[in-house]
file query_27.cif (mmCIF, C-alpha atoms and all ligand atoms)
data_coords
#
loop_
_atom_site.label_atom_id
_atom_site.label_comp_id
_atom_site.auth_asym_id
_atom_site.auth_seq_id
_atom_site.Cartn_x
_atom_site.Cartn_y
_atom_site.Cartn_z
CA MET A 1 140.40 101.62 166.63
CA PRO A 2 140.25 98.12 165.12
CA GLN A 3 142.98 95.84 166.48
CA HIS A 4 142.99 93.04 163.96
CA LYS A 5 143.09 93.47 160.21
CA TYR A 6 141.42 90.94 157.90
CA ASP A 7 142.06 90.47 154.22
CA ALA A 8 138.31 90.62 153.61
CA ILE A 9 135.07 91.15 155.48
CA VAL A 10 131.76 89.83 154.14
CA VAL A 11 128.67 91.63 155.45
CA GLY A 12 125.67 89.28 155.45
CA LEU A 13 125.94 85.48 155.46
CA GLY A 14 122.84 84.55 153.47
CA ALA A 15 122.89 82.97 150.01
CA VAL A 16 125.53 85.23 148.45
CA GLY A 17 127.53 86.07 151.59
CA ALA A 18 127.88 82.43 152.71
CA ALA A 19 129.06 81.44 149.21
CA THR A 20 131.54 84.32 149.07
CA THR A 21 132.92 83.64 152.56
CA TYR A 22 133.36 79.95 151.73
CA GLN A 23 135.14 80.70 148.47
CA LEU A 24 137.43 83.27 150.09
CA ALA A 25 138.33 80.98 153.00
CA ARG A 26 139.19 78.06 150.72
CA ARG A 27 141.61 80.35 148.85
CA GLY A 28 143.46 81.03 152.12
CA VAL A 29 142.05 84.55 152.54
CA ARG A 30 141.76 85.72 156.16
CA VAL A 31 138.05 86.46 156.06
CA LEU A 32 135.54 87.64 158.63
CA GLY A 33 131.84 87.11 157.95
CA ILE A 34 129.29 89.08 159.97
CA ASP A 35 125.53 88.58 160.14
CA ARG A 36 122.85 90.31 162.19
CA PHE A 37 121.14 86.94 162.74
CA ALA A 38 122.44 83.34 162.80
CA PRO A 39 122.15 82.03 159.21
CA PRO A 40 120.41 80.07 157.94
CA HIS A 41 117.47 82.02 159.38
CA ASP A 42 113.96 82.99 158.27
CA LYS A 43 114.16 86.81 158.30
CA GLY A 44 115.80 87.47 154.91
CA SER A 45 115.39 85.93 151.46
CA THR A 46 116.88 82.46 151.92
CA HIS A 47 114.44 80.15 153.67
CA GLY A 48 111.45 77.94 152.95
CA GLY A 49 113.22 74.68 152.15
CA THR A 50 113.43 74.94 148.35
CA ARG A 51 114.39 77.25 145.48
CA ILE A 52 113.81 76.49 141.80
CA THR A 53 116.88 76.02 139.65
CA ARG A 54 116.95 75.84 135.85
CA LEU A 55 119.81 76.04 133.37
CA ALA A 56 118.08 77.90 130.54
CA ILE A 57 117.42 81.24 132.15
CA GLY A 58 114.40 83.23 131.00
CA GLU A 59 115.69 86.36 132.72
CA GLY A 60 118.66 86.39 130.31
CA ALA A 61 120.94 83.88 128.63
CA HIS A 62 123.99 85.62 130.21
CA LEU A 63 122.94 83.94 133.46
CA THR A 64 123.20 80.38 132.15
CA PRO A 65 127.00 80.01 132.68
CA ILE A 66 126.50 81.21 136.26
CA VAL A 67 123.86 78.66 137.21
CA MET A 68 125.80 75.91 135.41
CA ARG A 69 128.84 76.68 137.56
CA SER A 70 126.64 76.82 140.69
CA HIS A 71 125.41 73.29 140.00
CA GLU A 72 129.03 72.08 139.79
CA ILE A 73 129.90 73.77 143.08
CA TRP A 74 126.90 72.29 144.87
CA ARG A 75 127.75 68.83 143.61
CA ASP A 76 131.31 69.33 144.93
CA ILE A 77 129.97 70.44 148.32
CA GLU A 78 127.59 67.47 148.41
CA ARG A 79 130.56 65.13 147.88
CA GLU A 80 132.53 66.87 150.61
CA THR A 81 129.78 67.13 153.23
CA GLY A 82 127.35 64.31 152.40
CA GLU A 83 124.51 66.87 152.44
CA GLU A 84 121.77 66.74 149.80
CA LEU A 85 121.66 70.19 148.18
CA LEU A 86 120.56 69.92 144.54
CA THR A 87 117.69 67.76 143.23
CA GLN A 88 117.28 67.67 139.45
CA CYS A 89 113.68 66.45 139.23
CA GLY A 90 112.89 68.36 136.02
CA GLY A 91 111.17 71.70 135.49
CA LEU A 92 107.99 72.54 133.55
CA PHE A 93 107.35 76.15 132.53
CA ILE A 94 103.89 76.90 131.16
CA SER A 95 102.61 79.90 129.25
CA SER A 96 100.05 80.81 126.60
CA PRO A 97 99.68 83.36 123.81
CA LYS A 98 97.14 85.58 125.57
CA LYS A 99 98.53 85.48 129.11
CA LEU A 100 98.94 88.71 131.08
CA ALA A 101 101.11 87.20 133.83
CA LYS A 102 104.83 87.96 133.64
CA THR A 103 107.75 86.10 135.20
CA HIS A 104 110.15 88.96 135.99
CA VAL A 105 110.74 89.92 132.34
CA GLU A 106 108.83 90.03 129.07
CA ASN A 107 109.05 86.84 126.98
CA PHE A 108 110.32 84.64 129.81
CA LEU A 109 109.44 81.40 128.02
CA GLU A 110 110.80 82.50 124.66
CA THR A 111 114.10 83.61 126.27
CA THR A 112 114.25 80.32 128.14
CA ILE A 113 113.91 78.35 124.90
CA ALA A 114 116.49 80.56 123.15
CA ALA A 115 118.94 80.03 126.03
CA ALA A 116 118.39 76.26 125.92
CA GLU A 117 119.11 76.24 122.18
CA LYS A 118 122.17 78.50 122.53
CA PHE A 119 123.77 76.40 125.27
CA GLY A 120 122.63 72.97 124.05
CA ILE A 121 120.52 72.31 127.15
CA ALA A 122 118.30 69.26 126.72
CA HIS A 123 114.64 70.28 126.63
CA GLU A 124 111.26 69.52 125.11
CA ARG A 125 108.51 71.81 123.90
CA LEU A 126 105.13 70.37 124.88
CA ASP A 127 101.59 71.25 123.89
CA ALA A 128 98.68 71.03 126.33
CA ALA A 129 97.81 67.46 125.37
CA ALA A 130 101.39 66.28 125.92
CA ILE A 131 101.59 68.01 129.30
CA ARG A 132 98.25 66.51 130.38
CA ALA A 133 99.42 63.04 129.39
CA ARG A 134 102.72 63.28 131.24
CA PHE A 135 101.80 65.51 134.20
CA PRO A 136 98.07 65.04 134.95
CA GLN A 137 98.40 67.06 138.17
CA PHE A 138 98.26 70.28 136.11
CA ALA A 139 94.82 71.32 134.73
CA MET A 140 95.70 72.93 131.41
CA ARG A 141 93.71 74.93 128.90
CA ASP A 142 93.97 73.82 125.27
CA ASP A 143 95.85 76.95 124.17
CA GLU A 144 98.60 76.57 126.79
CA TYR A 145 102.02 75.11 126.06
CA GLY A 146 105.19 74.40 127.94
CA TYR A 147 108.93 73.95 128.06
CA TYR A 148 110.30 70.96 129.96
CA GLU A 149 113.92 70.87 131.12
CA PRO A 150 115.09 67.59 132.73
CA SER A 151 118.12 69.25 134.37
CA ALA A 152 115.96 71.79 136.25
CA GLY A 153 114.81 71.11 139.79
CA PHE A 154 115.37 72.63 143.19
CA VAL A 155 118.12 73.59 145.61
CA ARG A 156 117.80 73.52 149.40
CA PRO A 157 118.73 77.07 150.47
CA GLU A 158 119.18 76.58 154.22
CA ALA A 159 121.32 73.46 153.67
CA CYS A 160 123.48 75.30 151.10
CA VAL A 161 124.09 78.22 153.46
CA ALA A 162 124.82 75.94 156.43
CA ALA A 163 127.22 73.75 154.42
CA GLN A 164 129.16 76.69 152.99
CA LEU A 165 129.48 78.37 156.40
CA GLU A 166 130.62 75.11 157.98
CA LEU A 167 133.28 74.62 155.30
CA ALA A 168 134.34 78.29 155.58
CA GLU A 169 134.89 77.89 159.31
CA LYS A 170 136.89 74.71 158.70
CA ASP A 171 139.08 76.72 156.34
CA GLY A 172 139.68 79.35 159.01
CA ALA A 173 136.96 81.96 158.42
CA ALA A 174 135.82 83.89 161.49
CA LEU A 175 132.02 84.14 161.62
CA TYR A 176 130.33 86.65 163.93
CA ARG A 177 126.62 86.00 164.28
CA GLY A 178 124.08 88.30 165.92
CA GLU A 179 126.17 91.40 165.15
CA ILE A 180 124.82 94.32 163.10
CA VAL A 181 127.05 96.17 160.66
CA GLN A 182 126.28 99.89 160.79
CA GLY A 183 128.51 101.15 158.01
CA CYS A 184 131.97 101.11 156.51
CA GLU A 185 134.54 103.78 155.86
CA VAL A 186 137.10 103.59 153.08
CA ALA A 187 140.63 104.97 153.50
CA ALA A 188 143.75 104.71 151.34
CA ASP A 189 145.02 101.68 153.24
CA GLY A 190 141.79 99.75 153.77
CA VAL A 191 138.24 99.77 155.08
CA THR A 192 136.90 100.02 158.62
CA VAL A 193 133.62 98.25 159.30
CA ALA A 194 131.62 99.56 162.27
CA THR A 195 129.15 97.27 164.04
CA ASP A 196 126.97 97.49 167.11
CA ARG A 197 129.79 95.75 169.00
CA GLY A 198 133.00 97.26 167.67
CA ALA A 199 135.05 97.99 164.57
CA TYR A 200 137.05 95.75 162.22
CA ALA A 201 139.61 96.58 159.57
CA ALA A 202 140.07 94.84 156.23
CA ASP A 203 141.67 95.34 152.84
CA ARG A 204 138.29 94.92 151.21
CA VAL A 205 134.61 94.45 152.04
CA ILE A 206 131.81 92.66 150.24
CA LEU A 207 128.34 93.93 151.13
CA ALA A 208 125.87 91.05 150.71
CA ALA A 209 123.17 92.27 153.07
CA GLY A 210 120.14 91.27 150.96
CA ALA A 211 117.05 93.31 151.82
CA TRP A 212 119.12 95.46 154.20
CA LEU A 213 121.68 96.43 151.53
CA PRO A 214 119.95 99.77 150.69
CA GLY A 215 120.48 100.86 154.32
CA LEU A 216 124.25 100.43 153.97
CA ILE A 217 124.79 102.45 150.79
CA ASP A 218 124.15 106.03 149.64
CA ASP A 219 120.62 107.19 148.81
CA LYS A 220 121.20 107.39 145.06
CA ARG A 221 122.28 103.77 144.74
CA ALA A 222 119.73 102.67 147.37
CA SER A 223 116.91 104.17 145.27
CA LEU A 224 117.45 101.39 142.69
CA PHE A 225 116.19 98.73 145.11
CA LYS A 226 112.67 97.96 146.26
CA VAL A 227 111.96 95.30 148.87
CA TYR A 228 108.70 93.36 148.55
CA ARG A 229 107.05 90.98 150.98
CA GLN A 230 106.31 87.53 149.53
CA VAL A 231 104.51 84.51 150.98
CA GLN A 232 105.34 80.84 150.56
CA PHE A 233 102.40 78.45 151.14
CA TRP A 234 102.35 74.71 151.86
CA PHE A 235 99.21 72.79 150.88
CA GLU A 236 98.05 69.25 151.42
CA ALA A 237 98.69 67.43 148.14
CA THR A 238 97.77 64.17 146.48
CA SER A 239 100.41 61.62 145.48
CA ASP A 240 100.42 63.16 141.96
CA PHE A 241 102.78 65.74 143.41
CA ALA A 242 105.10 63.24 145.07
CA SER A 243 107.75 63.46 142.39
CA GLY A 244 108.79 66.29 140.04
CA PRO A 245 108.68 68.54 138.26
CA VAL A 246 109.10 72.01 139.72
CA PHE A 247 106.89 74.39 137.76
CA ILE A 248 106.47 78.04 136.82
CA TRP A 249 103.10 78.86 135.33
CA GLU A 250 102.20 82.17 133.68
CA LEU A 251 98.48 81.68 134.33
CA PRO A 252 96.08 82.13 131.40
CA VAL A 253 93.72 84.34 133.46
CA GLY A 254 94.68 87.46 135.44
CA ARG A 255 98.11 88.93 135.96
CA LEU A 256 99.54 86.50 138.50
CA GLY A 257 101.75 83.52 137.88
CA ILE A 258 102.36 80.64 140.26
CA TYR A 259 105.31 78.36 140.89
CA GLY A 260 105.71 75.23 142.94
CA PHE A 261 107.67 72.18 143.97
CA PRO A 262 107.10 68.46 144.28
CA SER A 263 106.09 67.22 147.69
CA LEU A 264 109.16 66.60 149.85
CA ASP A 265 107.28 64.80 152.62
CA GLY A 266 104.71 62.92 150.51
CA ALA A 267 101.81 64.87 152.06
CA THR A 268 102.31 68.59 151.38
CA MET A 269 103.72 70.76 148.61
CA LYS A 270 104.92 74.36 148.43
CA VAL A 271 103.25 76.78 145.99
CA ALA A 272 103.65 80.54 145.76
CA THR A 273 102.88 83.54 143.61
CA GLU A 274 104.76 86.84 143.34
CA ARG A 275 103.30 90.08 144.67
CA TYR A 276 104.55 93.62 144.25
CA ASP A 277 101.88 95.42 146.29
CA ALA A 278 103.97 98.07 148.07
CA PRO A 279 107.64 98.24 149.02
CA VAL A 280 108.40 97.33 152.63
CA SER A 281 111.22 97.77 155.12
CA PRO A 282 112.85 94.50 156.26
CA ASP A 283 112.71 95.68 159.88
CA ALA A 284 109.05 96.73 159.85
CA VAL A 285 107.47 94.18 157.48
CA SER A 286 104.61 92.04 158.81
CA ARG A 287 105.75 88.44 159.23
CA GLU A 288 102.19 87.23 159.86
CA VAL A 289 100.17 85.63 157.05
CA SER A 290 96.46 86.44 157.33
CA ALA A 291 93.53 84.08 156.77
CA ASP A 292 92.49 86.31 153.85
CA GLU A 293 95.88 85.85 152.17
CA ILE A 294 95.60 82.10 152.55
CA ALA A 295 92.04 82.05 151.19
CA ALA A 296 93.06 84.18 148.19
CA MET A 297 95.96 81.87 147.37
CA GLN A 298 93.74 78.79 147.72
CA ALA A 299 91.24 80.32 145.29
CA LEU A 300 94.00 81.32 142.85
CA ILE A 301 95.50 77.83 142.53
CA ALA A 302 92.35 75.69 142.81
CA PRO A 303 91.45 75.70 139.07
CA TYR A 304 94.99 74.74 138.04
CA LEU A 305 96.07 72.28 140.74
CA PRO A 306 92.94 70.22 141.47
CA GLY A 307 94.84 67.75 143.66
CA VAL A 308 95.78 70.39 146.21
CA GLY A 309 93.93 70.56 149.53
CA ALA A 310 94.00 72.84 152.58
CA CYS A 311 96.85 75.19 153.42
CA VAL A 312 98.84 73.83 156.35
CA ARG A 313 101.58 76.46 156.68
CA ALA A 314 102.67 79.81 155.29
CA SER A 315 105.81 81.87 155.70
CA THR A 316 106.85 85.35 154.56
CA CYS A 317 110.07 86.09 152.69
CA LEU A 318 111.64 89.17 151.06
CA TYR A 319 112.44 90.02 147.44
CA THR A 320 114.96 92.81 146.81
CA VAL A 321 114.11 93.96 143.31
CA THR A 322 115.99 96.16 140.81
CA PRO A 323 114.27 98.08 137.96
CA ASP A 324 115.17 95.46 135.34
CA TYR A 325 115.03 92.40 137.62
CA GLY A 326 118.77 91.96 137.06
CA PHE A 327 121.49 91.66 139.68
CA ILE A 328 123.88 94.35 140.85
CA VAL A 329 127.56 93.64 141.52
CA ASP A 330 129.42 96.94 141.65
CA PRO A 331 132.17 98.69 143.60
CA LEU A 332 131.22 101.64 145.79
CA ASP A 333 134.64 103.30 145.53
CA VAL A 334 137.20 103.80 142.76
CA GLY A 335 139.69 101.49 144.46
CA GLU A 336 137.08 98.69 144.54
CA ARG A 337 137.69 98.18 148.25
CA VAL A 338 133.94 97.89 148.89
CA VAL A 339 131.80 95.88 146.49
CA MET A 340 128.04 95.60 146.86
CA VAL A 341 126.17 92.61 145.58
CA SER A 342 122.44 92.13 145.22
CA ALA A 343 121.46 88.92 143.49
CA CYS A 344 117.79 88.63 144.16
CA SER A 345 114.88 90.09 142.18
CA GLY A 346 113.24 86.79 143.04
CA HIS A 347 115.57 84.51 141.08
CA GLY A 348 119.07 84.80 142.58
CA PHE A 349 119.51 81.71 144.70
CA LYS A 350 120.38 79.35 141.84
CA HIS A 351 123.28 81.65 140.90
CA SER A 352 124.59 82.30 144.41
CA ALA A 353 127.29 79.61 144.62
CA ALA A 354 129.02 80.75 141.43
CA LEU A 355 128.58 84.43 142.22
CA GLY A 356 130.37 83.79 145.53
CA GLU A 357 133.20 82.14 143.61
CA ALA A 358 133.39 85.03 141.13
CA LEU A 359 133.46 87.59 143.95
CA ALA A 360 136.27 85.66 145.66
CA GLU A 361 138.22 85.49 142.40
CA ARG A 362 137.80 89.21 141.93
CA ALA A 363 138.95 89.90 145.47
CA THR A 364 142.04 87.70 145.11
CA MET A 365 142.97 88.02 141.42
CA GLY A 366 141.29 91.26 140.34
CA ARG A 367 139.10 89.46 137.80
CA SER A 368 136.68 86.54 137.60
CA ARG A 369 136.23 83.74 135.09
CA LEU A 370 132.51 84.45 134.91
CA ASP A 371 131.49 87.72 133.33
CA LEU A 372 130.09 90.09 135.97
CA ALA A 373 129.89 93.08 133.58
CA PRO A 374 126.09 92.68 133.00
CA PHE A 375 125.61 93.47 136.70
CA ARG A 376 127.25 96.92 136.65
CA ILE A 377 125.05 99.66 138.06
CA SER A 378 125.98 101.93 135.13
CA ARG A 379 123.39 100.12 133.00
CA PHE A 380 120.76 102.26 134.76
CA ALA A 381 122.46 105.56 133.87
CA SER A 382 120.23 107.62 131.60
C1 LIG A 401 109.75 83.58 148.42
C2 LIG A 401 111.00 83.57 147.62
C3 LIG A 401 111.12 82.66 146.61
C4 LIG A 401 112.28 82.63 145.82
N1 LIG A 401 112.39 81.67 144.85
C5 LIG A 401 113.55 81.55 144.17
C6 LIG A 401 113.72 80.47 143.31
O1 LIG A 401 112.83 79.63 143.12
N2 LIG A 401 114.91 80.35 142.66
C7 LIG A 401 115.93 81.23 142.84
O2 LIG A 401 116.99 81.05 142.23
N3 LIG A 401 115.78 82.27 143.70
C8 LIG A 401 114.63 82.45 144.37
N4 LIG A 401 114.47 83.47 145.25
C9 LIG A 401 115.54 84.47 145.38
C10 LIG A 401 116.65 83.99 146.29
O3 LIG A 401 116.15 83.31 147.39
C11 LIG A 401 117.46 85.22 146.65
O4 LIG A 401 118.00 85.73 145.45
C12 LIG A 401 118.59 84.94 147.58
O5 LIG A 401 118.16 84.18 148.67
C13 LIG A 401 119.17 86.29 148.05
O6 LIG A 401 120.27 86.05 148.88
P1 LIG A 401 121.02 87.26 149.58
O7 LIG A 401 122.31 86.70 150.06
O8 LIG A 401 121.04 88.44 148.69
O9 LIG A 401 120.09 87.68 150.81
P2 LIG A 401 119.92 86.93 152.21
O10 LIG A 401 120.07 85.48 152.05
O11 LIG A 401 118.68 87.47 152.84
O12 LIG A 401 121.19 87.38 153.03
C14 LIG A 401 121.40 88.67 153.52
C15 LIG A 401 122.01 88.50 154.91
O13 LIG A 401 122.53 89.75 155.34
C16 LIG A 401 122.32 89.84 156.73
N5 LIG A 401 122.38 91.24 157.08
C17 LIG A 401 121.59 92.22 156.61
N6 LIG A 401 121.97 93.41 157.10
C18 LIG A 401 123.02 93.19 157.89
C19 LIG A 401 123.83 94.03 158.67
N7 LIG A 401 123.64 95.36 158.72
N8 LIG A 401 124.82 93.48 159.42
C20 LIG A 401 125.03 92.13 159.38
N9 LIG A 401 124.28 91.29 158.64
C21 LIG A 401 123.30 91.82 157.89
C22 LIG A 401 120.94 89.21 156.92
O14 LIG A 401 120.73 88.79 158.24
C23 LIG A 401 121.00 88.06 155.93
O15 LIG A 401 121.42 86.86 156.57
C24 LIG A 401 113.33 83.54 146.06
C25 LIG A 401 113.21 84.47 147.09
C26 LIG A 401 112.07 84.48 147.87
C27 LIG A 401 111.95 85.48 148.99
#
call {"tool": "encode", "arguments": {"input": "query_27.cif", "output": "C-alpha cells"}}
result
Amino acid sequence: MPQHKYDAIVVGLGAVGAATTYQLARRGVRVLGIDRFAPPHDKGSTHGGTRITRLAIGEGAHLTPIVMRSHEIWRDIERETGEELLTQCGGLFISSPKKLAKTHVENFLETTIAAAEKFGIAHERLDAAAIRARFPQFAMRDDEYGYYEPSAGFVRPEACVAAQLELAEKDGAALYRGEIVQGCEVAADGVTVATDRGAYAADRVILAAGAWLPGLIDDKRASLFKVYRQVQFWFEATSDFASGPVFIWELPVGRLGIYGFPSLDGATMKVATERYDAPVSPDAVSREVSADEIAAMQALIAPYLPGVGACVRASTCLYTVTPDYGFIVDPLDVGERVVMVSACSGHGFKHSAALGEALAERATMGRSRLDLAPFRISRFAS
C-alpha cells in the first residue's frame, strides 16, 4: 500500500511532463514526477539540440495562442535561470504549386499565412528571386515561393527540460528518475500508480509518457497512436548557414520535405526529413543509423543545399503520431483523475511549455486559460 499521498503525479518528464511538473510545483502542488530514464535523455522525442518554433501554425491556427504563451514562459525561465532557451533567428517556409510533399497537414503554407494574418504576426511572402537574393544558401526553382516569419526560430529542448525540472525541484517537486511506471488504478478517493519499485498515491495523475503512452492506456485509445522512427542528421556546412533562418521546405520533387537549422557551432548544421515507413515500438526500435540512410539523406538534400558537405553525425528520435496530426489531451476516467497528454505528431515541442501550464491550471482550478477542447479524443468518434 502506498504510504505517502501526493496531490499530483506526472508520469514522464520529457517536454510535456517537465513543463507540467514545473507549473504544478510553482503553484504549491505536492507533485511527484517519475521517469524511466534521467531526462533530458536521447531515448524519447526530446533531444537533438534544437526544435523549430513558429508563431503562425500551419497545423492549425488554434495552436498559435499556445506557442505564443510558450515563448513568454521560456523568456521568463531564461530570466530566472540565465539559460539560453529560445532563439528567434527567423523562419523560412518554402512550397510550390505542384509539390507532392506534405508537412503534417494539407495546405500547411496557406494555413500558416492565414494564421499570421489572423493573429497579426509579422511576416513576408517571398518569391523565388527574393528568397535567392536574401538567402543564397537555398537553391530554389523559379516556381517556388516562401513565407518568412522573423519571430520564428528554434528552442533548445534538452535545456528547456533541464531548466524546468531544476525549477520544479527548487519548488519542492519530488523527481524519481530511472523508475518505470507500470500502470495506474483509479478509485473514488484517488489514484494509485504502480512502478517497478513500489506504489504511490495521488489525487490525480497526468500521463505524459510520449512514445510509451499507448502502453499505459487501453487498447482502443492506444490504437489512435503510431510511433515512427525519425533520424536527425548533422552535416558540414559553409558559413552561409552560420546565421538563420530555420527552414521547412516542401520539396518540388518527390514526396519528402526537409527542415533544418542554422549552424550552432559555425561548422555543422542539422537537417532532417520525416519518414513514416512502418510503426515501431519505443523499446525495440533500432537506434543505429545505417550508411545507406546517410547516403540517401545526402542525395536528397544535395540539389537544394549546395553548401552542405559530409554527414558528421546522426541520431534517431521518435514521433508519436495521431490520425490528424493533432494533439490529444483527454481524461481517462469520468472524474478526470487521470489525464493523458500526447503533444507530438512531430510538432509538439514549441507548445509544450504552455501545455504544461494549462494542464497545471486544469489540475488546480478545473479549467485552463488556453482552450484545450480541440485536443479531445472525441473528435475521432465516427
Ligand atoms: C526528430 C524530431 C524532430 C522534431 N522537430 C520538432 C520541431 O522542430 N518543432 C516542434 O515543435 N516539435 C518537434 N518535434 C516534436 C517534439 O519534439 C515532441 O512533440 C515532444 O518532444 C514530445 O514530448 P513528450 O513529452 O510527449 O515526449 P518525451 O519528451 O519523449 O517524454 C516522454 C517521457 O516519458 C518517459 N516515460 C515513458 N514511459 C514511462 C514510464 N512507463 N514510466 C516512467 N517514465 C516513462 C520517457 O522516458 C520520456 O522521458 C520533433 C520530434 C522529433 C522526434
call {"tool": "residues_near_ligand", "arguments": {"input": "query_27.cif", "ligand": "ligand LIG 401 (chain A)", "cutoff": "6 Å", "atoms": "only C-alpha atoms and all ligand atoms", "output": "ChimeraX atom specification"}}
result
/A:11-17,34-37,39,44-46,51-53,179-182,208-210,212,230-232,317-319,342-344,346-350
call {"tool": "closest_atom_pairs", "arguments": {"input": "query_27.cif", "of": "range 111-197 of chain A", "to": "range 56-75 of chain A", "cutoff": "9 Å", "atoms": "all atoms listed in the file", "output": "tab-separated table"}}
result
residue	atom	partner	partner_atom	distance
A:Thr111	CA	A:Gly58	CA	4.8
A:Thr112	CA	A:Gly58	CA	4.1
A:Ile113	CA	A:Ala56	CA	7.0
A:Ala114	CA	A:Ala61	CA	7.8
A:Ala115	CA	A:Ala61	CA	5.1
A:Ala116	CA	A:Ala56	CA	4.9
A:Glu117	CA	A:Ala56	CA	8.6
A:Lys118	CA	A:Ala61	CA	8.2
A:Phe119	CA	A:Ala56	CA	7.9
A:Ile121	CA	A:Ala56	CA	7.0
A:Glu149	CA	A:Ala56	CA	8.2
A:Ala152	CA	A:Ala56	CA	8.6
A:Val155	CA	A:Trp74	CA	8.9
A:Cys160	CA	A:Trp74	CA	7.7
call {"tool": "write_last_selection", "arguments": {"input": "query_27.cif", "atoms": "C-alpha atoms", "output": "PDB file, in the coordinates of the input"}}
result
ATOM      1  CA  THR A 111     114.100  83.610 126.270  1.00  0.00           C
ATOM      2  CA  THR A 112     114.250  80.320 128.140  1.00  0.00           C
ATOM      3  CA  ILE A 113     113.910  78.350 124.900  1.00  0.00           C
ATOM      4  CA  ALA A 114     116.490  80.560 123.150  1.00  0.00           C
ATOM      5  CA  ALA A 115     118.940  80.030 126.030  1.00  0.00           C
ATOM      6  CA  ALA A 116     118.390  76.260 125.920  1.00  0.00           C
ATOM      7  CA  GLU A 117     119.110  76.240 122.180  1.00  0.00           C
ATOM      8  CA  LYS A 118     122.170  78.500 122.530  1.00  0.00           C
ATOM      9  CA  PHE A 119     123.770  76.400 125.270  1.00  0.00           C
ATOM     10  CA  ILE A 121     120.520  72.310 127.150  1.00  0.00           C
ATOM     11  CA  GLU A 149     113.920  70.870 131.120  1.00  0.00           C
ATOM     12  CA  ALA A 152     115.960  71.790 136.250  1.00  0.00           C
ATOM     13  CA  VAL A 155     118.120  73.590 145.610  1.00  0.00           C
ATOM     14  CA  CYS A 160     123.480  75.300 151.100  1.00  0.00           C
TER      15      CYS A 160
END
call {"tool": "residues_near_point", "arguments": {"input": "query_27.cif", "point": "(126.2, 84.5, 145.6)", "cutoff": "6 Å", "atoms": "only C-alpha atoms", "output": "compact mmCIF listing (two decimals) with C-alpha atoms, in the frame of the given file"}}
result
# COMPACT_ATOMS: atom_id res chain seq x y z
CA ALA A 15 122.89 82.97 150.01
CA VAL A 16 125.53 85.23 148.45
CA ALA A 19 129.06 81.44 149.21
CA SER A 352 124.59 82.30 144.41
CA ALA A 353 127.29 79.61 144.62
CA LEU A 355 128.58 84.43 142.22
CA GLY A 356 130.37 83.79 145.53
call {"tool": "residues_around", "arguments": {"input": "query_27.cif", "residues": "Ala296 in chain A", "least_positions_apart": "3", "cutoff": "12 Å", "atoms": "all atoms listed in the file", "output": "list in words"}}
result
Val231, Phe233, Leu256, Ala272, Thr273, Val289, Ser290, Ala291, Asp292, Glu293, Ala299, Leu300, Ile301, Ala302 and Cys311 of chain A
call {"tool": "atom_distance", "arguments": {"input": "query_27.cif", "atom1": "CA of Ala363 in chain A", "atom2": "CA of Ala8 in chain A"}}
result
8.2 Å
call {"tool": "closest_residue", "arguments": {"input": "query_27.cif", "among": "A:Ala295, A:Trp249, A:Thr20, A:Ala237", "to": "Met269 in chain A", "atoms": "only C-alpha atoms"}}
result
A:Ala237
